[in-house]
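**Student:** Take a look at the following structure, please.
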Amino acid sequence: MKKSGIIILLIVSSLGLYSQTKTSLIKGYAYERESTPGIIPKTIGEDGKETTRPIPRIKSYQLFLEYKKGTTIKPTKVWINGVAYRVRTENISTTPVLFKTNTVGDLYDTDTLVNKTNNKVIQLFTDGELKPVPKSKPKNAAGNIIVEYSYKGKTYQYKFKEIKKIAPQILQ
């Protein structure tokens with residue numbers, strides 16, 4: 001009986017090791033921010049009547065990847081709600097990564113986007129839609145943010161588990 005218990009324990013522990021990620025990527029952080037233009041769009045129709053158009057809401061994203069020190073990953077594209085974008089990266093030299101939002105007067109709120117870590121962190125920036133549109137789209141691309149990256153010559157996809165909203169920006 002002891003022998004079978006030990007065998008089961010070895011099998012379960014080896015499955016746990018096997019299921020760990022094959023890449024050095026540890027975690028992704030995704031934030032969405034809406035911006036609203038300060039001028040209410042109005043148009044004058046052919047009949048001379050003034051009409052107000054809906055206020056456009058512009059979404060921007062702040063994306064970060066945390067991965068093991070001493071390794072390199074190369075993001076190649078980002079899918080946002082099913083649309084593929086070119087991507088460029090910037091190394092983050094110090095953590096935590098803070099985001100300050102003006103409130104009233106000289107006051108501001110601070111959000112921590114990436115906690116303090118000893119791992120490497122890069123920020124991803126979308127750099128325009130990919131044209132022509134890639135033929136292969138991730139199955140779960142709609143409504144999600146997915147980054148495609150290469151690691152040791154292989155291509156991987158990482159779906160951000162959560163997209164946190166940060167304070168909207170009202171432009172003047």
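Ordered as shown in the structure tokens, chains take letters A, B, and onward, while each chain numbers its residues from 1 and ligands are numbered from 1 in the order shown.
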Write out as a PyMOL selection string each polymer residue whose atoms come within 10 Å of Gly153 of chain A, counting only C-alpha atoms; drop sequence neighbours fewer than 4 positions from it.

**Tutor:** chain A and resi 73-74+149

**Student:** Only N, CA, C and O atoms, please: the residues just picked out, written as a PDB file, in the first residue's frame.

**Tutor:**
ATOM      1  N   ILE A  73      12.131  37.482 -24.427  1.00  0.00           N
ATOM      2  CA  ILE A  73      10.946  37.198 -25.230  1.00  0.00           C
ATOM      3  C   ILE A  73      10.784  38.345 -26.216  1.00  0.00           C
ATOM      4  O   ILE A  73      11.188  39.474 -25.944  1.00  0.00           O
ATOM      5  N   LYS A  74      10.201  38.067 -27.365  1.00  0.00           N
ATOM      6  CA  LYS A  74      10.043  39.079 -28.419  1.00  0.00           C
ATOM      7  C   LYS A  74       8.582  39.120 -28.846  1.00  0.00           C
ATOM      8  O   LYS A  74       8.128  38.288 -29.627  1.00  0.00           O
ATOM      9  N   TYR A 149       4.150  36.176 -29.075  1.00  0.00           N
ATOM     10  CA  TYR A 149       5.562  36.456 -28.851  1.00  0.00           C
ATOM     11  C   TYR A 149       6.391  35.227 -29.190  1.00  0.00           C
ATOM     12  O   TYR A 149       5.880  34.112 -29.254  1.00  0.00           O
TER      13      TYR A 149
END

**Student:** Using only C-alpha atoms, which protein or nucleic acid residues come within 9 Å of Leu130 of chain A? Drop anything in the same chain fewer than 3 positions from it, and give the result as a PyMOL selection string.

**Tutor:** chain A and resi 77+83-86+127+133-134

**Student:** Please identify the strand (DSSP E or B) residues within segment 91-125 of chain A (assignment by DSSP from backbone atoms) and present them as a ChimeraX atom specification.

**Tutor:** /A:91-92,97-102,108-114,120-125

**Student:** Keeping only N, CA and C atoms, take the residues you just selected and write them out as an mmCIF file, in the first residue's frame.

**Tutor:**
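To be explicit, this is the file written out as out_22.cif:
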data_model
loop_
_atom_site.group_PDB
_atom_site.id
_atom_site.type_symbol
_atom_site.label_atom_id
_atom_site.label_comp_id
_atom_site.auth_asym_id
_atom_site.auth_seq_id
_atom_site.Cartn_x
_atom_site.Cartn_y
_atom_site.Cartn_z
ATOM 1 N N ASN A 91 11.681 48.657 -22.406
ATOM 2 C CA ASN A 91 12.071 48.061 -21.133
ATOM 3 C C ASN A 91 11.692 48.973 -19.982
ATOM 4 N N ILE A 92 11.174 48.385 -18.929
ATOM 5 C CA ILE A 92 10.874 49.125 -17.699
ATOM 6 C C ILE A 92 12.038 48.865 -16.755
ATOM 7 N N VAL A 97 5.519 50.179 -11.273
ATOM 8 C CA VAL A 97 5.100 51.116 -12.311
ATOM 9 C C VAL A 97 3.842 51.799 -11.780
ATOM 10 N N LEU A 98 3.908 53.122 -11.666
ATOM 11 C CA LEU A 98 2.793 53.896 -11.113
ATOM 12 C C LEU A 98 2.132 54.722 -12.200
ATOM 13 N N PHE A 99 0.827 54.942 -12.049
ATOM 14 C CA PHE A 99 0.062 55.754 -12.989
ATOM 15 C C PHE A 99 -0.684 56.800 -12.174
ATOM 16 N N LYS A 100 -0.413 58.064 -12.456
ATOM 17 C CA LYS A 100 -1.030 59.158 -11.700
ATOM 18 C C LYS A 100 -2.138 59.801 -12.528
ATOM 19 N N THR A 101 -3.255 60.048 -11.872
ATOM 20 C CA THR A 101 -4.396 60.679 -12.513
ATOM 21 C C THR A 101 -4.744 61.954 -11.757
ATOM 22 N N ASN A 102 -4.815 63.074 -12.488
ATOM 23 C CA ASN A 102 -5.220 64.330 -11.844
ATOM 24 C C ASN A 102 -6.651 64.227 -11.356
ATOM 25 N N TYR A 108 -3.923 64.265 -6.980
ATOM 26 C CA TYR A 108 -3.974 63.184 -7.953
ATOM 27 C C TYR A 108 -4.125 61.848 -7.233
ATOM 28 N N ASP A 109 -4.640 60.867 -7.961
ATOM 29 C CA ASP A 109 -4.724 59.487 -7.497
ATOM 30 C C ASP A 109 -3.594 58.715 -8.146
ATOM 31 N N THR A 110 -3.093 57.724 -7.431
ATOM 32 C CA THR A 110 -2.026 56.885 -7.963
ATOM 33 C C THR A 110 -2.485 55.438 -8.009
ATOM 34 N N ASP A 111 -2.342 54.819 -9.172
ATOM 35 C CA ASP A 111 -2.612 53.393 -9.342
ATOM 36 C C ASP A 111 -1.282 52.695 -9.566
ATOM 37 N N THR A 112 -1.124 51.526 -8.982
ATOM 38 C CA THR A 112 0.063 50.703 -9.227
ATOM 39 C C THR A 112 -0.272 49.741 -10.348
ATOM 40 N N LEU A 113 0.388 49.910 -11.491
ATOM 41 C CA LEU A 113 0.122 49.060 -12.644
ATOM 42 C C LEU A 113 0.915 47.759 -12.576
ATOM 43 N N VAL A 114 2.163 47.824 -12.134
ATOM 44 C CA VAL A 114 2.997 46.639 -11.958
ATOM 45 C C VAL A 114 3.670 46.765 -10.591
ATOM 46 N N LYS A 120 12.200 40.851 -15.132
ATOM 47 C CA LYS A 120 12.214 41.854 -16.198
ATOM 48 C C LYS A 120 10.778 42.226 -16.547
ATOM 49 N N VAL A 121 10.550 43.488 -16.872
ATOM 50 C CA VAL A 121 9.227 43.979 -17.261
ATOM 51 C C VAL A 121 9.393 44.819 -18.518
ATOM 52 N N ILE A 122 8.513 44.569 -19.497
ATOM 53 C CA ILE A 122 8.478 45.409 -20.690
ATOM 54 C C ILE A 122 7.069 45.948 -20.854
ATOM 55 N N GLN A 123 6.981 47.140 -21.437
ATOM 56 C CA GLN A 123 5.684 47.718 -21.777
ATOM 57 C C GLN A 123 5.485 47.551 -23.273
ATOM 58 N N LEU A 124 4.252 47.195 -23.657
ATOM 59 C CA LEU A 124 3.913 47.015 -25.066
ATOM 60 C C LEU A 124 3.124 48.219 -25.549
ATOM 61 N N PHE A 125 3.440 48.672 -26.751
ATOM 62 C CA PHE A 125 2.719 49.775 -27.380
ATOM 63 C C PHE A 125 2.204 49.289 -28.728
#

**Student:** Measure the distance from atom CA of Ile146 of chain A to atom CA of Lys27 of chain A in Å and round it to one decimal.

**Tutor:**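 These two atoms are separated by 12.5 Å.
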
**Student:** Please return, as a list in words, all residues of segment 5-164 of chain A that DSSP assigns to alpha helix (DSSP H) on the basis of the backbone.

**Tutor:**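 DSSP-assigned alpha helix (DSSP H) residues in segment 5-164 of chain A: Gly5, Ile6, Ile7, Ile8, Leu9, Leu10, Ile11, Val12, Ser13, Ser14, Leu15, Gly16, Leu17 and Tyr18 of chain A.
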
**Student:** Kindly give the distance, in Å, that separates atom CA of Lys137 of chain A and atom CA of Gln62 of chain A, rounded to a single decimal.

**Tutor:**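 Computing it gives 21.8 Å between the two atoms.
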
**Student:** In Å, rounded to a single decimal, give me how far atom CA of Thr117 of chain A is from atom CA of Lys164 of chain A.

**Tutor:** 19.6 Å

**Student:** Env of Gly143 of chain A: 8 Å cut, atoms = only C-alpha atoms, seq-sep filter 6 positions within chain, self excluded. Answer as a list in words.

**Tutor:**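 Neighbouring residues, sequence-local ones excluded: Ile80, Asn81 and Gly82 of chain A.
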
**Student:** Residues of the last selection are to be written out with N, CA, C and O atoms, as a PDB file, in the first residue's frame.

**Tutor:**
ATOM      1  N   ILE A  80      -6.304  42.942 -30.128  1.00  0.00           N
ATOM      2  CA  ILE A  80      -7.227  43.617 -29.215  1.00  0.00           C
ATOM      3  C   ILE A  80      -8.612  43.531 -29.835  1.00  0.00           C
ATOM      4  O   ILE A  80      -8.839  44.051 -30.930  1.00  0.00           O
ATOM      5  N   ASN A  81      -9.498  42.822 -29.151  1.00  0.00           N
ATOM      6  CA  ASN A  81     -10.872  42.613 -29.629  1.00  0.00           C
ATOM      7  C   ASN A  81     -10.907  42.087 -31.067  1.00  0.00           C
ATOM      8  O   ASN A  81     -11.695  42.545 -31.885  1.00  0.00           O
ATOM      9  N   GLY A  82     -10.020  41.162 -31.375  1.00  0.00           N
ATOM     10  CA  GLY A  82     -10.017  40.521 -32.684  1.00  0.00           C
ATOM     11  C   GLY A  82      -9.270  41.263 -33.772  1.00  0.00           C
ATOM     12  O   GLY A  82      -9.221  40.808 -34.909  1.00  0.00           O
TER      13      GLY A  82
END

**Student:** With only C-alpha atoms as the basis for distance, which of A:Gly70, A:Pro138, A:Pro75, A:Pro56 is at the shortest distance from Thr126 of chain A?

**Tutor:**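 Ranked by minimum distance to Thr126 of chain A, first place goes to A:Pro75.
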